[in-house]
Amino acid sequence: MNNKAFRLLAKPYFVWLYVLALVPVFVMLFLSFVKSEGISFDEMTVSLESFLLIKERSTLVAFRNSLLFALSTTVISMVIGYFVAYRVFKSKFNNKFLVLTILILPMWSNLLLRTEALGNIMEYNNIYTDLLSKAGINAGISIRGTSLAVLIGLVFTYLPFMILPIYTALEKISVRLEEASLDLGLTEFQTFWKVTFPLSLKGLISGSIMVFLPTLSGFAIPQILGKGNIILIGNVIEESFKNMNYNFGSLLAVIILFFIIGALLIINKVDKDGETLL
Amino acid sequence: MEKKVIIELIDVVKKFDDDVIVDRLNLQIYENEFITLLGPSGCGKTTTLRMIGGFEQPNSGDIIIDGKVFNELPPYARPINTVFQSYALFPHLNVFDNVAFGLNNRPFDYLLNFFNEEKLRHEIEIENNNKEITKKDLKKKIKEKISIAVKEALALVSLKGFENRKITQMSGGQQQRVALARALVNKPKILLLDEPLAALDLKLRQSMQYELKEMQRQLGITFIFVTHDQEEAMTMSDRIVVMKDGLIQQMGTPKHIYNEPVNRYVATFIGESNIIRGTYLKKDLVNFMGVDFDCQGYTFNENETVDVVIRPEDFDVVDLDKAKLKGIVTQSIFKGVHNELTVVVDAVELNVNTYENYVVGEPIGLKVDPYEIHIMKVNKDE
């Protein structure tokens with residue numbers, strides 16, 4: 001087969017890219033600068049009204065919440081994820097990928113379903129308290145609707161995205177390097193900080209981005225577990241579109257997009273070979 | 001001069017699961033010697049090296065270094081450094097930091113001792129006239145000293161000026177030198193080398209062989225070298241240990257092993273050789289291929305079946321009427337300095353090296369001098 005035929009095979013993807021990714025971005029950009037009813041062109045006027053809405057307290061709080069939740073989720077996932085990945089990496093299981101598969105198994109069930117189930121456990125009465133009460137123990141706490149619940153939900157959902165890249169990075173480190181370090185007089189602890197950790201940093205960074213970005217823009221988890229008490233920017237965007245305020249929704253979406261591009265630029269700067277995302 | 005034993009392995013056994021890799025190995029290694037563990041892959045040579053380095057623990061037996069039992073000691077507590085086969089350079093550090101890695105991460109007290117505290121204090125006193133020498137002064141001085149030591153080590157392996165290079169920007173040969181410098185800068189008593197030249201091309205490998213040998217002589221460090229390349233072992237070693245299936249087959253100087261192999265295995269592994277079944281008739285007379293040959297210096301039972309070893313270069317090609325063996329040349333390969341002939345004598349193929357040219361099909365006469373005939377006991381399991 002020649003190159004031309006192969007190029008043709010890529011055409012559907014380009015169509016998909018243009019129609020469903022590139023054009024919508026420009027539509028959103030356009031919508032940010034007009035005032036309209038939905039996407040209808042009737043009575044559409046150029047307006048910067050959406051920009052005024054940003055300055056509103058509720059929007060700013062949502063932004064702040066988003067950033068705080070995204071940051072704390074990332075940091076918590078980093079710590080837990082690193083421990084898990086390192087533990088699996090150091091373990092002597094024959095089939096480490098099976099272990100990893102089990103770890104990421106929850107990822108394969110539907111997000112909404114999983115979050116709803118998690119929310120259920122966070123209620124005062126749930127399956128566990130039920131079982132415990134059968135055993136004569138009455139213990140129940142309700143955290144659904146609190147920031148803690150949202151944080152737990154976010155970490156629970158996005159932790160696998162942290163574990164996998166860290167594990168991959170660790171797995172790439174040759175055992176010989178650790179041996180060389182021990183050979184040169186470093187203890188196991190020193191070896192970890194001087195060799196293993198720096199060499200797994202790329203995995204940690206790519207994992208962080210894979211956790212940070214979706215938590216920054218997501219709306220389902222805070223909605224379900226926060227019971228409407230916790231508003232992230234994703235929720236504001238969702239509300240705007242629901243209320244036919246496409247202009248404001250688009251503007252916020254574009255702003256989030258800038259965050260994402262910014263993050264990608266940082267990776268690009270740090271890692272020119274693009275190894276991080278592999 | 002009595003040589004001092006620096007490492008002693010006593011009855012060392014290493015098993016992986018139930019596979020015996022090293023079987024009751026006994027070995028003494030002397031100070032300042034270049035010793036090579038030679039054998040095919042899977043013979044236990046690398047495992048032996050890794051036990052000396054502390055990366056593997058023996059199942060039983062003792063590893064004694066400098067009179068102390070080292071069995072359980074982790075690698076970082078041993079006065080030993082290793083050059084790994086894959087070099088194992090740290091990809092996140094540049095050349096300088098790779099070489100400085102060991103010293104940079106040593107505790108302060110260790111470094112004071114390493115660079116001789118007295119000397120450091122003296123040097124600082126000369127530099128600044130204030131009498132008070134603070135810990136900060138010492139630390140600064142040590143940093144300087146490390147930098148000097150690293151540069152010296154790099155100069156030793158002819159890599160001056162490469163300090164700031166990235167490891168990925170270095171060729172295989174250069175990486176190999178960095179690995180060497182990284183080990184040598186720590187001034188180990190013993191340097192372990194695990195097939196460090198295996199990945200280099202022939203030319204580079206040969207020049208590195210001489211350089212390594214030269215370095216070992218100058219630095220006075222004990223080198224323990226592991227290789228499967230018999231030529232490499234011959235070129236560099238003071239002593240060679242030939243191993244097979246976790247057992248030492250023979251130990252000795254390269255010359256000794258080449259000239260006096262103890263069995264068929266060593267004879268075939270070290271260089272080309274013709275091994276012919278024969279009979280030891282009586283003192284200084286051996287019969288093989290139907291001809292009686294004079295031999296020297298071997299004592300076996302009369303009429304005992306023996307293996308006779310003749311190196312290809314030890315055959316003399318002579319006129320047919322003076323020949324003890326007559327055969328036909330079936331193959332002739334030009335090797336530059338000599339020709340490698342395959343000669344068939346009575347349906348037995350012999351390898352013969354000669355400087356003269358012979359064409360295929362030509363009849364040829366062979367003779368062997370008595371001192372070139374080496375006789376071995378027949379090994380029962382072969």
# chains A, B, ... in the order shown; residues from 1 in each chain; ligands from 1

call {"tool": "residues_around", "arguments": {"residues": "Met208 (chain B)", "least_positions_apart": "5", "cutoff": "9 Å", "atoms": "only C-alpha atoms", "output": "list of chain:residue names"}}
result
B:Gly173, B:Leu197, B:Lys203, B:Lys213

call {"tool": "interface_residues", "arguments": {"of": "chain A", "to": "chain B", "cutoff": "6 Å", "atoms": "only C-alpha atoms", "output": "PyMOL selection string"}}
result
chain A and resi 176-177+182-186

call {"tool": "select_by_dssp", "arguments": {"residues": "region 105-344 of chain B", "states": "alpha helix (DSSP H)", "output": "PyMOL selection string"}}
result
chain B and resi 108-114+117-127+135-156+172-184+202-219+230-236+254-259+264-269

call {"tool": "select_by_dssp", "arguments": {"residues": "region 44-256 of chain B", "states": "strand (DSSP E)", "output": "VMD selection string"}}
result
chain B and resid 60 to 65 68 to 69 80 to 83 190 to 194 222 to 227 239 to 244 247 to 252

call {"tool": "residues_around", "arguments": {"residues": "Leu27 (chain B)", "least_positions_apart": "6", "cutoff": "8 Å", "atoms": "only C-alpha atoms", "output": "count of residues only"}}
result
3

call {"tool": "residues_around", "arguments": {"residues": "region 61-68 of chain A", "least_positions_apart": "3", "cutoff": "6 Å", "atoms": "only C-alpha atoms", "output": "list in words"}}
result
Ser58, Leu71, Leu216, Ile231, Leu232 and Ile233 of chain A

call {"tool": "residues_around", "arguments": {"residues": "Ile260 (chain A)", "least_positions_apart": "3", "cutoff": "12 Å", "atoms": "only C-alpha atoms", "output": "count of residues only"}}
result
19

call {"tool": "closest_residue", "arguments": {"among": "B:Thr168, B:Thr47, B:Asn59, B:Asn113", "to": "Lys15 (chain B)", "atoms": "only C-alpha atoms"}}
result
B:Asn59

call {"tool": "atom_distance", "arguments": {"atom1": "CA of Asn379 (chain B)", "atom2": "CA of Ile276 (chain B)"}}
result
13.1 Å

call {"tool": "residues_around", "arguments": {"residues": "region 102-117 of chain A", "least_positions_apart": "3", "cutoff": "12 Å", "atoms": "only C-alpha atoms", "output": "compact mmCIF listing (two decimals) with N, CA and C atoms, in the first residue's frame"}}
result
# COMPACT_ATOMS: atom_id res chain seq x y z
N GLY A 81 -1.28 8.45 44.87
CA GLY A 81 -0.94 7.79 43.61
C GLY A 81 0.51 7.34 43.60
N VAL A 84 0.92 4.26 45.82
CA VAL A 84 0.35 3.06 45.20
C VAL A 84 1.23 2.59 44.05
N ALA A 85 1.58 3.52 43.15
CA ALA A 85 2.39 3.15 41.99
C ALA A 85 3.72 2.56 42.44
N VAL A 88 3.28 -0.98 43.89
CA VAL A 88 3.09 -1.98 42.84
C VAL A 88 4.41 -2.23 42.11
N ASN A 95 2.21 -10.67 37.72
CA ASN A 95 1.43 -9.92 36.76
C ASN A 95 1.02 -8.58 37.35
N LYS A 96 1.94 -7.61 37.23
CA LYS A 96 1.68 -6.31 37.84
C LYS A 96 0.55 -5.59 37.13
N PHE A 97 0.39 -5.89 35.84
CA PHE A 97 -0.65 -5.18 35.12
C PHE A 97 -2.04 -5.62 35.58
N LEU A 98 -2.12 -6.87 36.04
CA LEU A 98 -3.39 -7.33 36.59
C LEU A 98 -3.74 -6.52 37.83
N VAL A 99 -2.73 -6.29 38.67
CA VAL A 99 -2.94 -5.49 39.88
C VAL A 99 -3.40 -4.09 39.49
N ASN A 120 -24.23 7.62 47.85
CA ASN A 120 -25.10 6.81 48.72
C ASN A 120 -24.38 6.38 49.99
N ILE A 121 -23.11 6.00 49.83
CA ILE A 121 -22.34 5.58 51.01
C ILE A 121 -22.14 6.76 51.95
N MET A 122 -22.16 7.97 51.38
CA MET A 122 -21.91 9.15 52.20
C MET A 122 -23.16 9.61 52.97
N GLU A 123 -24.30 8.99 52.66
CA GLU A 123 -25.52 9.36 53.38
C GLU A 123 -25.50 8.77 54.79
N ASN A 126 -26.82 4.02 54.88
CA ASN A 126 -26.35 3.40 53.66
C ASN A 126 -26.14 1.92 53.90
N ILE A 127 -25.65 1.26 52.91
CA ILE A 127 -25.56 -0.20 52.99
C ILE A 127 -24.64 -0.65 54.12
N ARG A 144 -22.38 13.80 52.78
CA ARG A 144 -22.82 14.21 51.45
C ARG A 144 -23.28 15.66 51.50
N ALA A 149 -16.95 15.63 50.89
CA ALA A 149 -17.56 14.63 50.01
C ALA A 149 -17.12 14.85 48.57
N VAL A 150 -17.13 16.11 48.13
CA VAL A 150 -16.73 16.41 46.76
C VAL A 150 -15.27 16.03 46.54
N LEU A 151 -14.45 16.38 47.54
CA LEU A 151 -13.01 16.10 47.42
C LEU A 151 -12.77 14.59 47.32
N ILE A 152 -13.45 13.84 48.19
CA ILE A 152 -13.30 12.38 48.15
C ILE A 152 -13.73 11.85 46.79
N GLY A 153 -14.86 12.36 46.31
CA GLY A 153 -15.36 11.93 45.00
C GLY A 153 -14.37 12.21 43.89
N LEU A 154 -13.80 13.41 43.92
CA LEU A 154 -12.84 13.78 42.87
C LEU A 154 -11.60 12.90 42.93
N VAL A 155 -11.05 12.72 44.13
CA VAL A 155 -9.84 11.89 44.27
C VAL A 155 -10.14 10.46 43.83
N PHE A 156 -11.28 9.95 44.30
CA PHE A 156 -11.68 8.59 43.97
C PHE A 156 -11.77 8.40 42.46
N THR A 157 -12.32 9.40 41.79
CA THR A 157 -12.52 9.28 40.35
C THR A 157 -11.22 9.42 39.57
N TYR A 158 -10.38 10.38 39.97
CA TYR A 158 -9.24 10.70 39.12
C TYR A 158 -7.92 10.08 39.55
N LEU A 159 -7.91 9.40 40.70
CA LEU A 159 -6.68 8.77 41.17
C LEU A 159 -6.03 7.83 40.14
N PRO A 160 -6.82 6.99 39.45
CA PRO A 160 -6.20 6.09 38.46
C PRO A 160 -5.40 6.85 37.40
N PHE A 161 -5.84 8.06 37.06
CA PHE A 161 -5.12 8.84 36.04
C PHE A 161 -3.75 9.27 36.56
N MET A 162 -3.61 9.27 37.88
CA MET A 162 -2.33 9.61 38.48
C MET A 162 -1.46 8.37 38.58
N ILE A 163 -2.08 7.27 39.00
CA ILE A 163 -1.30 6.05 39.24
C ILE A 163 -0.63 5.56 37.95
N LEU A 164 -1.40 5.52 36.87
CA LEU A 164 -0.87 4.90 35.66
C LEU A 164 0.39 5.58 35.11
N TYR A 167 3.30 4.96 37.43
CA TYR A 167 3.76 3.58 37.35
C TYR A 167 4.58 3.36 36.08
N GLY A 218 -14.80 19.86 35.53
CA GLY A 218 -15.90 18.92 35.70
C GLY A 218 -17.08 19.51 36.47
N PHE A 219 -18.25 18.96 36.26
CA PHE A 219 -19.41 19.47 37.01
C PHE A 219 -20.26 18.38 37.63
N ALA A 220 -20.14 17.14 37.14
CA ALA A 220 -21.04 16.08 37.62
C ALA A 220 -20.77 15.73 39.08
N ILE A 221 -19.52 15.57 39.42
CA ILE A 221 -19.19 15.12 40.77
C ILE A 221 -19.60 16.15 41.83
N PRO A 222 -19.23 17.43 41.67
CA PRO A 222 -19.68 18.40 42.67
C PRO A 222 -21.20 18.47 42.75
N GLN A 223 -21.83 18.30 41.61
CA GLN A 223 -23.29 18.38 41.62
C GLN A 223 -23.91 17.25 42.42
N ILE A 224 -23.41 16.03 42.18
CA ILE A 224 -24.02 14.87 42.84
C ILE A 224 -23.62 14.81 44.31
N LEU A 225 -22.33 14.97 44.57
CA LEU A 225 -21.86 14.79 45.95
C LEU A 225 -21.99 16.06 46.77
N GLY A 226 -22.03 17.21 46.07
CA GLY A 226 -22.14 18.48 46.80
C GLY A 226 -23.58 18.89 47.00
N LYS A 227 -24.48 18.15 46.41
CA LYS A 227 -25.91 18.44 46.53
C LYS A 227 -26.23 19.90 46.25

call {"tool": "closest_residue", "arguments": {"among": "B:Asn274, B:Gln218, B:Thr299, B:Gln28", "to": "Asp62 (chain B)", "atoms": "only C-alpha atoms"}}
result
B:Gln28

call {"tool": "decode", "arguments": {"residues": "region 214-238 of chain A", "atoms": "N, CA and C atoms", "output": "tab-separated table (two decimals), in the first residue's frame"}}
result
chain	number	residue	atom	x	y	z
A	214	PRO	N	-9.34	17.78	34.24
A	214	PRO	CA	-10.75	17.39	34.37
A	214	PRO	C	-11.40	17.85	35.67
A	215	THR	N	-10.63	17.90	36.76
A	215	THR	CA	-11.25	18.37	38.00
A	215	THR	C	-11.56	19.85	37.91
A	216	LEU	N	-10.75	20.57	37.16
A	216	LEU	CA	-10.96	22.01	37.02
A	216	LEU	C	-12.28	22.30	36.31
A	217	SER	N	-12.60	21.47	35.30
A	217	SER	CA	-13.76	21.82	34.49
A	217	SER	C	-14.97	20.91	34.73
A	218	GLY	N	-14.80	19.86	35.53
A	218	GLY	CA	-15.90	18.92	35.70
A	218	GLY	C	-17.08	19.51	36.47
A	219	PHE	N	-18.25	18.96	36.26
A	219	PHE	CA	-19.41	19.47	37.01
A	219	PHE	C	-20.26	18.38	37.63
A	220	ALA	N	-20.14	17.14	37.14
A	220	ALA	CA	-21.04	16.08	37.62
A	220	ALA	C	-20.77	15.73	39.08
A	221	ILE	N	-19.52	15.57	39.42
A	221	ILE	CA	-19.19	15.12	40.77
A	221	ILE	C	-19.60	16.15	41.83
A	222	PRO	N	-19.23	17.43	41.67
A	222	PRO	CA	-19.68	18.40	42.67
A	222	PRO	C	-21.20	18.47	42.75
A	223	GLN	N	-21.83	18.30	41.61
A	223	GLN	CA	-23.29	18.38	41.62
A	223	GLN	C	-23.91	17.25	42.42
A	224	ILE	N	-23.41	16.03	42.18
A	224	ILE	CA	-24.02	14.87	42.84
A	224	ILE	C	-23.62	14.81	44.31
A	225	LEU	N	-22.33	14.97	44.57
A	225	LEU	CA	-21.86	14.79	45.95
A	225	LEU	C	-21.99	16.06	46.77
A	226	GLY	N	-22.03	17.21	46.07
A	226	GLY	CA	-22.14	18.48	46.80
A	226	GLY	C	-23.58	18.89	47.00
A	227	LYS	N	-24.48	18.15	46.41
A	227	LYS	CA	-25.91	18.44	46.53
A	227	LYS	C	-26.23	19.90	46.25
A	228	GLY	N	-25.50	20.51	45.35
A	228	GLY	CA	-25.77	21.91	45.03
A	228	GLY	C	-25.15	22.90	46.00
A	229	ASN	N	-24.53	22.41	47.07
A	229	ASN	CA	-23.91	23.34	48.02
A	229	ASN	C	-22.58	23.87	47.50
A	230	ILE	N	-21.95	23.06	46.68
A	230	ILE	CA	-20.64	23.46	46.20
A	230	ILE	C	-20.71	23.71	44.71
A	231	ILE	N	-20.44	24.93	44.33
A	231	ILE	CA	-20.54	25.32	42.93
A	231	ILE	C	-19.15	25.48	42.36
A	232	LEU	N	-18.83	24.66	41.37
A	232	LEU	CA	-17.57	24.85	40.65
A	232	LEU	C	-17.87	25.51	39.32
A	233	ILE	N	-16.83	25.91	38.63
A	233	ILE	CA	-17.03	26.65	37.39
A	233	ILE	C	-17.77	25.79	36.36
A	234	GLY	N	-17.55	24.50	36.42
A	234	GLY	CA	-18.25	23.59	35.50
A	234	GLY	C	-19.75	23.67	35.70
A	235	ASN	N	-20.14	23.79	36.96
A	235	ASN	CA	-21.58	23.89	37.25
A	235	ASN	C	-22.15	25.19	36.70
A	236	VAL	N	-21.39	26.26	36.83
A	236	VAL	CA	-21.85	27.55	36.31
A	236	VAL	C	-22.04	27.48	34.80
A	237	ILE	N	-21.07	26.85	34.12
A	237	ILE	CA	-21.16	26.71	32.67
A	237	ILE	C	-22.40	25.90	32.31
A	238	GLU	N	-22.59	24.80	33.00
A	238	GLU	CA	-23.73	23.93	32.73
A	238	GLU	C	-25.04	24.70	32.91
